[in-house]
Amino acid sequence: MALDTEKREFKIIGTRPLRPDGIDKVTGRALYGADMVAPGMLEGKILRSPHAHARIVSIDASAALALQGVKAVVTASDFSEAKGELMQNILENCMAQDKALYHGHAVAAVAATSETIAKQALKLIKVDYEVLPHVTEIEDAVKPDAPVLRPDRRAKGAPEGTPANITNLSNFGHGDLEAGFAKADLIIERSFRTESTHQGYIEPHACLASMGPDGKADLWCCTQGHYAVRDMCASFLGMSLSQLRVTASEIGGGFGGKTVVFIEPVALALSRKAGKPVKMAMTREEVFKASGPTPSSLADIKIGMTKGGKITAAHAKLRFQGGAFPSGTIDLGAMCAFAAYDLEAVRAEGFNVMTNRPREAAYRAPGAPIGVYPVEALIDELCIELGLDPLDVRLLNAADKGTKSSYGPTFEAIGLKATLEAAKAHRHYNTPLGPNQGRGVSCGFWFNFGGSTSVSMSVNDDGTVAVTEGNPDIGGSRASVGMMAAEELGIPYENIRTIVADTNSIGFNDPTHGSRVTFSVGLATIEAARDAIKKMCTRVAKIWDIDPDAVMWEDGHARPAGENAGNYEPMSLAEIAAIASKTGGPIAGHYEVNADSAGVSFGVHLADIEVDPETGFSTVLRYTVFQDAGKAIHPAYVEGQMQGGAAQGIGWAMNEEYIYGKDGLLQNAGFLDYRIPVASDLPPIEAVILEIPNPGHPYGVRGVGETAIVPPLAAVSNAVSRAIGKRMRALPMSPPKILKVIKG
Amino acid sequence: MNKIHVTTTVNGDPVEYLCEPQETLLDVLRNQLRLTGAKEGCGTGDCGACSVTLNGRLVCSCLVLAAEAGGQEVATVEGIADGDNLHILQKKILEHAALQCGVCTPGILVAAKALLEKHPDPTEVEARYWLAGNLCRCTGYDKIITAVMDAAAEMRGA
Ligand code: FES
Ligand code: FES
């Protein structure tokens, strides 16, 4: 898959056409998860644990089932046994088995003819709980006498004496740390803390499930990956994959949180039992209590630096809390922590610990923000101590092409240095600051992902083209996919219609995650177009009676090439399509791939913040994002990803946190008390796109969706620390917490 | 349970429905009238995804009882375009790519329209405060504010 940006001038790539689903979305016509109905539909509701940790002694649903209008009740016994530990964990998270593991864990579900009746029925289900001691904080969960969630989930191969709640040991790095620290002029070691945050998508999880007596089922739901939903649900219900067809609705945000299932298998089980379609939608309270928050974290970071700013050695010890199940996010945090730097001696190690909290779900670059934040915060402290410019220090240590990364692989062409230089040259970095104002800098990194992808493309008789792909469009991907198809085919963007098909229509697709869609689906779309072009050239070669290799494709036309050049009138795609039935039948292109050449991505953020020393209230004055996009297909949507990621990171840094009481109950399960940034909290966010092509994509695309949430945590923390002249080492930095540091 | 009979207008059309006393206007719009443009993001008045206007006043339809809407003029996102002709705000939201997932967009449009009807020439800060009741998790608001300011300028010019 060779990069061919050098040799081509783009016509459509890099422009900003309207998105094809736009009109539906500004008129209210677009159908999201909760917007679908079916004849005879029932409403499903879930009963959730009021306790943080409890044994479920018995469940008696007889009174609920006796209520008029109630059609089915399901509990854990209505599901099949899932295969493999991960699947078992996901199933148990959807429906508690012998124990309720957190406040809000699903215990039973009911389907009734109306929501009102379903809610009444929940009150009639009698659950006999034996309340158990609980634990919600990392420090407590690793104590020798801590309540143990599941003894059999402890990390395999853990050394003797490892606390039972510890899972997923992690360790990355290279070089001689001791020798590295010996070369340093200054070594600083600090501890940091972050709290759990939620993805905060505005659309709660919702679905409509319908299973017939023949065991065939249809599921409509808002998800980032309907193939993954199909596979999980089929496993949990004991169905074959072909029996379940899943259609992805329009999706109202996901950010990683809609890559697993919560209510979908429950709705299917209710539908199977009731023999009717069942609709379910979470309330916002349920979204907070029972869908994915991020891990909270503790970190000890030690970095040695020379007087000139060269990092001589770096070490991180990370502890993540990923809720009531094992979580591999610690690996990602440890891998990302030092990825921006070219280091001789580096190590990042850590573990995950289970607590009585909801199962952690991916959130935009999962693990990276909390792995990178403490490192970038400590580098800032070193810069201040040594009187060095924070961008110069990062430039001096920046990873580049050929750097052996802190997590193992050697980098190909990457854009970190160019991104840092762009930040340094930008007017933001040279704007003078006033009193009580500080400027923060941070780098950020994300791997990006490719994965399994299928695209097919039909050339219609009238010269328009239907592109069929299988990745829910969260932020304009139908536009970028249509643009790439149009560019490659050489036809107008308006002549393409791109749809996201159901699981029966094309091959498997990994979910819309890992910043993979514009990269992978784009790559498959370009290749599917090349497949269609090849077929069209073959048809034309037959008509002209020349060798297919003597026909070339240019500007949407087949043209005679080589010695035949000029001998025949070129034929347009529309002309070829119009006579397709006479030249061999319909023309279509397709491509299936497990793409493995996603280029890694770096970003640099600048944040200017003013802190009111009387109240601790902070205001973001200026914010600029610099990020390498490889090649920006639709720059407006690339900017949108950069701005949106920054805003989420600012929320994480300033305000957002899960708050658990001593009783183990979640205290702020709503948007009033879990405060995400609103329009008046933020300044304009400038997005500066750099384009250092990814050699692994035909147009040079790198994923852009996730990286932008990584730098804000430290950029904001460094800005606040510089504004108040004292170091902040815990997130979120809400006004009372800042005030405490100012006063302390 | 005794249902309440309500006569009202939605987007200029006469509408009748029966509702339960505790049912919200949002429930009736979405579940009975099948106007699913207004979304339930929270049900508690915190997100603005359910924004509609009642006699021109911006409200969260999840906080209005369906029974209260009797005899009033309800306007939803479905009524913003004039047939095939998009409202300037709708055009600007699209042109500026001011939506990603789009689930907040109906509420943003209803709220922004209410803003510009009251204050045709807002400052950017005023627009940000007016829209502070409409959560958007995707965009960071930058392009939304740009689109609203651009629409305001064009509407004043027109
Ligand atoms: S649903 Fe009404 S404000 Fe959120
Ligand atoms: S565009 Fe997704 S919430 Fe606003």
# chains A, B, ... in the order shown; residues from 1 in each chain; ligands from 1

call {"tool": "residues_near_ligand", "arguments": {"ligand": "ligand 1", "cutoff": "9 Å", "atoms": "only C-alpha atoms and all ligand atoms", "output": "MDAnalysis selection string"}}
result
(chainID A and resid 202 284 671) or (chainID B and resid 26 38:51 59:63 133:135)

call {"tool": "write_last_selection", "arguments": {"atoms": "N, CA, C and O atoms", "output": "JSON list (two decimals), in the first residue's frame"}}
result
[["chain", "number", "residue", "atom", "x", "y", "z"],
["A", 202, "ILE", "N", -23.93, 12.74, 24.41],
["A", 202, "ILE", "CA", -25.22, 13.34, 24.76],
["A", 202, "ILE", "C", -26.37, 12.35, 24.54],
["A", 202, "ILE", "O", -27.43, 12.46, 25.14],
["A", 284, "ARG", "N", -30.15, 9.16, 31.76],
["A", 284, "ARG", "CA", -28.81, 9.73, 31.97],
["A", 284, "ARG", "C", -28.19, 9.17, 33.25],
["A", 284, "ARG", "O", -27.00, 8.91, 33.32],
["A", 671, "PHE", "N", -25.80, 15.40, 34.72],
["A", 671, "PHE", "CA", -25.03, 16.49, 34.11],
["A", 671, "PHE", "C", -24.98, 17.75, 34.99],
["A", 671, "PHE", "O", -24.19, 18.65, 34.72],
["B", 26, "LEU", "N", -41.89, 16.46, 25.99],
["B", 26, "LEU", "CA", -40.91, 15.72, 25.18],
["B", 26, "LEU", "C", -41.42, 14.32, 24.87],
["B", 26, "LEU", "O", -41.34, 13.85, 23.73],
["B", 38, "ALA", "N", -36.47, 16.46, 18.67],
["B", 38, "ALA", "CA", -36.05, 16.80, 20.03],
["B", 38, "ALA", "C", -35.57, 15.52, 20.70],
["B", 38, "ALA", "O", -36.23, 14.49, 20.61],
["B", 39, "LYS", "N", -34.40, 15.57, 21.34],
["B", 39, "LYS", "CA", -33.80, 14.36, 21.92],
["B", 39, "LYS", "C", -33.85, 14.41, 23.44],
["B", 39, "LYS", "O", -33.79, 15.49, 24.02],
["B", 40, "GLU", "N", -33.87, 13.22, 24.04],
["B", 40, "GLU", "CA", -33.73, 13.18, 25.50],
["B", 40, "GLU", "C", -32.29, 12.85, 25.84],
["B", 40, "GLU", "O", -31.86, 11.70, 25.76],
["B", 41, "GLY", "N", -31.54, 13.88, 26.21],
["B", 41, "GLY", "CA", -30.15, 13.65, 26.61],
["B", 41, "GLY", "C", -30.03, 13.42, 28.10],
["B", 41, "GLY", "O", -29.07, 12.81, 28.57],
["B", 42, "CYS", "N", -31.00, 13.96, 28.87],
["B", 42, "CYS", "CA", -30.88, 13.83, 30.32],
["B", 42, "CYS", "C", -32.23, 13.70, 31.02],
["B", 42, "CYS", "O", -32.34, 13.04, 32.04],
["B", 43, "GLY", "N", -33.25, 14.35, 30.50],
["B", 43, "GLY", "CA", -34.55, 14.30, 31.15],
["B", 43, "GLY", "C", -34.65, 15.16, 32.40],
["B", 43, "GLY", "O", -35.65, 15.13, 33.11],
["B", 44, "THR", "N", -33.60, 15.94, 32.68],
["B", 44, "THR", "CA", -33.60, 16.73, 33.92],
["B", 44, "THR", "C", -33.29, 18.21, 33.69],
["B", 44, "THR", "O", -32.94, 18.92, 34.61],
["B", 45, "GLY", "N", -33.37, 18.64, 32.45],
["B", 45, "GLY", "CA", -33.15, 20.06, 32.19],
["B", 45, "GLY", "C", -31.70, 20.49, 32.13],
["B", 45, "GLY", "O", -31.41, 21.68, 32.19],
["B", 46, "ASP", "N", -30.78, 19.55, 31.99],
["B", 46, "ASP", "CA", -29.36, 19.90, 32.05],
["B", 46, "ASP", "C", -28.64, 19.93, 30.71],
["B", 46, "ASP", "O", -27.50, 20.37, 30.64],
["B", 47, "CYS", "N", -29.26, 19.39, 29.65],
["B", 47, "CYS", "CA", -28.49, 19.25, 28.41],
["B", 47, "CYS", "C", -29.01, 20.05, 27.22],
["B", 47, "CYS", "O", -28.28, 20.28, 26.27],
["B", 48, "GLY", "N", -30.28, 20.41, 27.23],
["B", 48, "GLY", "CA", -30.82, 21.24, 26.14],
["B", 48, "GLY", "C", -31.11, 20.49, 24.85],
["B", 48, "GLY", "O", -31.57, 21.11, 23.88],
["B", 49, "ALA", "N", -30.88, 19.19, 24.80],
["B", 49, "ALA", "CA", -31.12, 18.45, 23.56],
["B", 49, "ALA", "C", -32.61, 18.40, 23.21],
["B", 49, "ALA", "O", -32.98, 18.13, 22.08],
["B", 50, "CYS", "N", -33.44, 18.66, 24.20],
["B", 50, "CYS", "CA", -34.89, 18.59, 24.03],
["B", 50, "CYS", "C", -35.51, 19.96, 23.80],
["B", 50, "CYS", "O", -36.72, 20.12, 23.86],
["B", 51, "SER", "N", -34.66, 20.97, 23.51],
["B", 51, "SER", "CA", -35.16, 22.36, 23.42],
["B", 51, "SER", "C", -36.27, 22.52, 22.39],
["B", 51, "SER", "O", -36.18, 22.04, 21.27],
["B", 59, "VAL", "N", -37.66, 26.62, 25.95],
["B", 59, "VAL", "CA", -37.83, 25.76, 27.13],
["B", 59, "VAL", "C", -37.20, 24.39, 26.88],
["B", 59, "VAL", "O", -36.97, 24.01, 25.73],
["B", 60, "CYS", "N", -36.94, 23.69, 27.98],
["B", 60, "CYS", "CA", -36.56, 22.28, 27.87],
["B", 60, "CYS", "C", -37.86, 21.48, 27.89],
["B", 60, "CYS", "O", -38.58, 21.50, 28.89],
["B", 61, "SER", "N", -38.16, 20.79, 26.81],
["B", 61, "SER", "CA", -39.46, 20.10, 26.76],
["B", 61, "SER", "C", -39.52, 18.93, 27.73],
["B", 61, "SER", "O", -40.59, 18.43, 28.03],
["B", 62, "CYS", "N", -38.38, 18.52, 28.26],
["B", 62, "CYS", "CA", -38.41, 17.46, 29.28],
["B", 62, "CYS", "C", -38.86, 18.01, 30.63],
["B", 62, "CYS", "O", -39.16, 17.24, 31.54],
["B", 63, "LEU", "N", -38.90, 19.33, 30.76],
["B", 63, "LEU", "CA", -39.33, 19.93, 32.03],
["B", 63, "LEU", "C", -40.73, 20.53, 31.93],
["B", 63, "LEU", "O", -41.21, 21.14, 32.88],
["B", 133, "GLY", "N", -26.79, 26.41, 27.94],
["B", 133, "GLY", "CA", -27.71, 25.35, 28.36],
["B", 133, "GLY", "C", -27.80, 24.20, 27.37],
["B", 133, "GLY", "O", -28.55, 23.27, 27.57],
["B", 134, "ASN", "N", -27.06, 24.30, 26.29],
["B", 134, "ASN", "CA", -27.08, 23.24, 25.27],
["B", 134, "ASN", "C", -25.73, 22.55, 25.24],
["B", 134, "ASN", "O", -24.76, 23.07, 24.69],
["B", 135, "LEU", "N", -25.67, 21.36, 25.82],
["B", 135, "LEU", "CA", -24.40, 20.65, 25.85],
["B", 135, "LEU", "C", -24.08, 20.06, 24.48],
["B", 135, "LEU", "O", -24.94, 19.49, 23.82]]

call {"tool": "interface_residues", "arguments": {"of": "chain A", "to": "chain B", "cutoff": "8 Å", "atoms": "only C-alpha atoms", "output": "ChimeraX atom specification"}}
result
/A:17-19,22-23,25-32,35,200-204,250-253,283-285,473-476,636-637,640-641,643-648,670-672,676-680,682-685

call {"tool": "residues_around", "arguments": {"residues": "B:Glu73", "least_positions_apart": "2", "cutoff": "7 Å", "atoms": "only C-alpha atoms", "output": "PyMOL selection string"}}
result
chain B and resi 8-10+54-55+71+75

call {"tool": "residues_around", "arguments": {"residues": "A:Lys534", "least_positions_apart": "4", "cutoff": "10 Å", "atoms": "only C-alpha atoms", "output": "list in words"}}
result
Ala528, Ala529, Arg530, Thr538, Arg539, Val540, Pro548, Asp549, Val551, Met552, Trp553, Ala558 and Gly589 of chain A

call {"tool": "write_last_selection", "arguments": {"atoms": "N, CA and C atoms", "output": "PDB file, in the first residue's frame"}}
result
ATOM      1  N   ALA A 528     -11.220  -0.229  -3.379  1.00  0.00           N
ATOM      2  CA  ALA A 528     -12.453  -0.703  -4.023  1.00  0.00           C
ATOM      3  C   ALA A 528     -12.679   0.081  -5.319  1.00  0.00           C
ATOM      4  N   ALA A 529     -12.364   1.373  -5.279  1.00  0.00           N
ATOM      5  CA  ALA A 529     -12.497   2.199  -6.490  1.00  0.00           C
ATOM      6  C   ALA A 529     -11.511   1.704  -7.548  1.00  0.00           C
ATOM      7  N   ARG A 530     -10.306   1.364  -7.129  1.00  0.00           N
ATOM      8  CA  ARG A 530      -9.312   0.868  -8.089  1.00  0.00           C
ATOM      9  C   ARG A 530      -9.776  -0.458  -8.692  1.00  0.00           C
ATOM     10  N   THR A 538     -11.169  -2.902 -18.315  1.00  0.00           N
ATOM     11  CA  THR A 538     -11.246  -4.176 -19.043  1.00  0.00           C
ATOM     12  C   THR A 538     -12.421  -4.161 -20.026  1.00  0.00           C
ATOM     13  N   ARG A 539     -13.560  -3.618 -19.572  1.00  0.00           N
ATOM     14  CA  ARG A 539     -14.721  -3.534 -20.471  1.00  0.00           C
ATOM     15  C   ARG A 539     -14.384  -2.671 -21.695  1.00  0.00           C
ATOM     16  N   VAL A 540     -13.751  -1.555 -21.438  1.00  0.00           N
ATOM     17  CA  VAL A 540     -13.449  -0.622 -22.526  1.00  0.00           C
ATOM     18  C   VAL A 540     -12.420  -1.237 -23.475  1.00  0.00           C
ATOM     19  N   PRO A 548      -6.151  -4.796 -22.156  1.00  0.00           N
ATOM     20  CA  PRO A 548      -6.601  -4.017 -20.994  1.00  0.00           C
ATOM     21  C   PRO A 548      -5.487  -3.136 -20.418  1.00  0.00           C
ATOM     22  N   ASP A 549      -4.257  -3.594 -20.464  1.00  0.00           N
ATOM     23  CA  ASP A 549      -3.154  -2.788 -19.933  1.00  0.00           C
ATOM     24  C   ASP A 549      -2.929  -1.517 -20.751  1.00  0.00           C
ATOM     25  N   VAL A 551      -5.243   0.445 -21.531  1.00  0.00           N
ATOM     26  CA  VAL A 551      -6.274   1.427 -21.172  1.00  0.00           C
ATOM     27  C   VAL A 551      -5.921   2.014 -19.812  1.00  0.00           C
ATOM     28  N   MET A 552      -5.894   3.325 -19.742  1.00  0.00           N
ATOM     29  CA  MET A 552      -5.605   3.962 -18.452  1.00  0.00           C
ATOM     30  C   MET A 552      -6.824   4.743 -17.978  1.00  0.00           C
ATOM     31  N   TRP A 553      -6.819   5.024 -16.651  1.00  0.00           N
ATOM     32  CA  TRP A 553      -7.940   5.768 -16.058  1.00  0.00           C
ATOM     33  C   TRP A 553      -7.457   7.143 -15.643  1.00  0.00           C
ATOM     34  N   ALA A 558     -11.856   6.409 -19.120  1.00  0.00           N
ATOM     35  CA  ALA A 558     -10.921   5.420 -19.649  1.00  0.00           C
ATOM     36  C   ALA A 558     -10.323   6.008 -20.929  1.00  0.00           C
ATOM     37  N   GLY A 589     -16.961  -2.646  -7.417  1.00  0.00           N
ATOM     38  CA  GLY A 589     -15.619  -2.876  -6.885  1.00  0.00           C
ATOM     39  C   GLY A 589     -15.742  -3.190  -5.409  1.00  0.00           C
TER      40      GLY A 589
END

call {"tool": "closest_residue", "arguments": {"among": "A:Lys417, A:Met728, A:Ala362, A:Gly254", "to": "ligand 2", "atoms": "only C-alpha atoms and all ligand atoms"}}
result
A:Gly254

call {"tool": "residues_around", "arguments": {"residues": "B:Lys118", "least_positions_apart": "2", "cutoff": "12 Å", "atoms": "only C-alpha atoms", "output": "JSON, numbers by chain"}}
result
{"B": [56, 57, 58, 111, 112, 113, 114, 115, 116, 120, 121, 122, 126, 127, 130, 152]}

call {"tool": "write_last_selection", "arguments": {"atoms": "C-alpha atoms", "output": "compact mmCIF listing (two decimals), in the first residue's frame"}}
result
# COMPACT_ATOMS: atom_id res chain seq x y z
CA GLY B 56 -41.63 31.78 21.31
CA ARG B 57 -39.98 31.17 24.69
CA LEU B 58 -37.10 28.70 24.81
CA ALA B 111 -31.96 27.75 21.02
CA ALA B 112 -29.93 29.77 18.51
CA LYS B 113 -33.07 30.74 16.62
CA ALA B 114 -34.64 31.95 19.85
CA LEU B 115 -31.48 33.95 20.56
CA LEU B 116 -31.42 35.69 17.20
CA PRO B 120 -30.23 39.86 16.37
CA ASP B 121 -26.77 41.25 17.05
CA PRO B 122 -25.24 39.26 19.93
CA GLU B 126 -23.48 36.59 24.64
CA ALA B 127 -23.98 33.75 22.15
CA TRP B 130 -27.18 31.92 25.65
CA ALA B 152 -26.68 36.46 12.76

call {"tool": "select_by_dssp", "arguments": {"residues": "chain B", "states": "strand (DSSP E)", "output": "count of residues only"}}
result
25

call {"tool": "residues_around", "arguments": {"residues": "A:Gly408", "least_positions_apart": "4", "cutoff": "8 Å", "atoms": "only C-alpha atoms", "output": "PDB file with N, CA, C and O atoms, in the first residue's frame"}}
result
ATOM      1  N   PHE A 172       6.973  -1.749  30.334  1.00  0.00           N
ATOM      2  CA  PHE A 172       7.585  -1.417  29.043  1.00  0.00           C
ATOM      3  C   PHE A 172       8.822  -0.554  29.279  1.00  0.00           C
ATOM      4  O   PHE A 172       8.864   0.221  30.228  1.00  0.00           O
ATOM      5  N   GLY A 173       9.798  -0.674  28.367  1.00  0.00           N
ATOM      6  CA  GLY A 173      10.938   0.227  28.457  1.00  0.00           C
ATOM      7  C   GLY A 173      12.217  -0.427  28.007  1.00  0.00           C
ATOM      8  O   GLY A 173      12.240  -1.590  27.602  1.00  0.00           O
ATOM      9  N   LYS A 404      13.746   4.554  18.607  1.00  0.00           N
ATOM     10  CA  LYS A 404      13.165   3.360  19.243  1.00  0.00           C
ATOM     11  C   LYS A 404      12.226   3.868  20.326  1.00  0.00           C
ATOM     12  O   LYS A 404      12.647   4.505  21.293  1.00  0.00           O
TER      13      LYS A 404
END

call {"tool": "select_by_dssp", "arguments": {"residues": "stretch 9-154 of chain B", "states": "helix (DSSP H, G or I)", "output": "MDAnalysis selection string"}}
result
chainID B and resid 25:32 61:63 66:69 77:79 88:95 105:118 124:133 142:154

call {"tool": "atom_distance", "arguments": {"atom1": "atom CA of A:Pro472", "atom2": "atom CA of A:Ser271"}}
result
24.5 Å

call {"tool": "atom_distance", "arguments": {"atom1": "atom CA of A:Ile330", "atom2": "atom CA of A:Arg727"}}
result
25.2 Å

call {"tool": "residues_around", "arguments": {"residues": "stretch 488-498 of chain A", "least_positions_apart": "3", "cutoff": "7 Å", "atoms": "only C-alpha atoms", "output": "list in words"}}
result
Thr464, Val465, Ala466, Val467, Thr468, Arg478, Gly482, Met483, Met484, Ala485, Ile526, Ala529, Asp555 and Gly556 of chain A

call {"tool": "atom_distance", "arguments": {"atom1": "atom CA of A:Met232", "atom2": "atom CA of A:Ile56"}}
result
24.6 Å

call {"tool": "closest_residue", "arguments": {"among": "B:Asn11, B:Thr123, B:Asn85, B:Thr24", "to": "B:Ala69", "atoms": "only C-alpha atoms"}}
result
B:Thr24

call {"tool": "decode", "arguments": {"residues": "stretch 225-248 of chain A", "atoms": "N, CA and C atoms", "output": "CSV table (one decimal), in the first residue's frame"}}
result
chain,number,residue,atom,x,y,z
A,225,GLY,N,-19.9,0.1,16.8
A,225,GLY,CA,-19.5,-1.1,16.0
A,225,GLY,C,-20.6,-2.1,16.1
A,226,HIS,N,-21.4,-2.1,15.0
A,226,HIS,CA,-22.6,-3.1,15.0
A,226,HIS,C,-22.1,-4.5,14.8
A,227,TYR,N,-21.0,-4.7,14.1
A,227,TYR,CA,-20.5,-6.1,14.0
A,227,TYR,C,-20.1,-6.6,15.4
A,228,ALA,N,-19.4,-5.8,16.1
A,228,ALA,CA,-19.0,-6.2,17.5
A,228,ALA,C,-20.3,-6.5,18.4
A,229,VAL,N,-21.3,-5.7,18.2
A,229,VAL,CA,-22.5,-5.9,18.9
A,229,VAL,C,-23.1,-7.2,18.6
A,230,ARG,N,-23.1,-7.5,17.2
A,230,ARG,CA,-23.7,-8.7,16.8
A,230,ARG,C,-22.9,-9.9,17.4
A,231,ASP,N,-21.6,-9.8,17.4
A,231,ASP,CA,-20.8,-11.0,17.9
A,231,ASP,C,-21.0,-11.2,19.4
A,232,MET,N,-21.1,-10.1,20.1
A,232,MET,CA,-21.3,-10.2,21.6
A,232,MET,C,-22.7,-10.7,21.9
A,233,CYS,N,-23.7,-10.1,21.3
A,233,CYS,CA,-25.1,-10.5,21.6
A,233,CYS,C,-25.3,-11.9,21.2
A,234,ALA,N,-24.8,-12.3,20.0
A,234,ALA,CA,-25.1,-13.7,19.5
A,234,ALA,C,-24.5,-14.7,20.5
A,235,SER,N,-23.3,-14.4,21.0
A,235,SER,CA,-22.6,-15.2,22.0
A,235,SER,C,-23.4,-15.3,23.3
A,236,PHE,N,-23.9,-14.2,23.7
A,236,PHE,CA,-24.6,-14.2,25.0
A,236,PHE,C,-26.0,-14.8,24.9
A,237,LEU,N,-26.6,-14.9,23.7
A,237,LEU,CA,-27.9,-15.5,23.5
A,237,LEU,C,-27.8,-16.9,22.9
A,238,GLY,N,-26.6,-17.4,22.7
A,238,GLY,CA,-26.5,-18.7,22.1
A,238,GLY,C,-27.0,-18.7,20.6
A,239,MET,N,-26.8,-17.6,19.9
A,239,MET,CA,-27.3,-17.6,18.5
A,239,MET,C,-26.1,-17.7,17.5
A,240,SER,N,-26.3,-18.2,16.3
A,240,SER,CA,-25.3,-18.1,15.3
A,240,SER,C,-25.2,-16.7,14.8
A,241,LEU,N,-24.1,-16.3,14.2
A,241,LEU,CA,-24.0,-14.9,13.7
A,241,LEU,C,-25.0,-14.5,12.6
A,242,SER,N,-25.3,-15.5,11.8
A,242,SER,CA,-26.2,-15.2,10.7
A,242,SER,C,-27.7,-15.0,11.2
A,243,GLN,N,-28.0,-15.5,12.4
A,243,GLN,CA,-29.3,-15.3,12.9
A,243,GLN,C,-29.6,-13.9,13.4
A,244,LEU,N,-28.6,-13.1,13.6
A,244,LEU,CA,-28.8,-11.8,14.2
A,244,LEU,C,-28.3,-10.7,13.2
A,245,ARG,N,-29.2,-9.9,12.8
A,245,ARG,CA,-28.8,-8.8,11.9
A,245,ARG,C,-28.8,-7.5,12.8
A,246,VAL,N,-27.7,-6.8,12.8
A,246,VAL,CA,-27.7,-5.5,13.5
A,246,VAL,C,-27.5,-4.3,12.6
A,247,THR,N,-28.4,-3.4,12.8
A,247,THR,CA,-28.3,-2.1,12.1
A,247,THR,C,-27.9,-1.0,13.0
A,248,ALA,N,-26.9,-0.2,12.6
A,248,ALA,CA,-26.5,0.9,13.5
A,248,ALA,C,-27.3,2.1,13.2
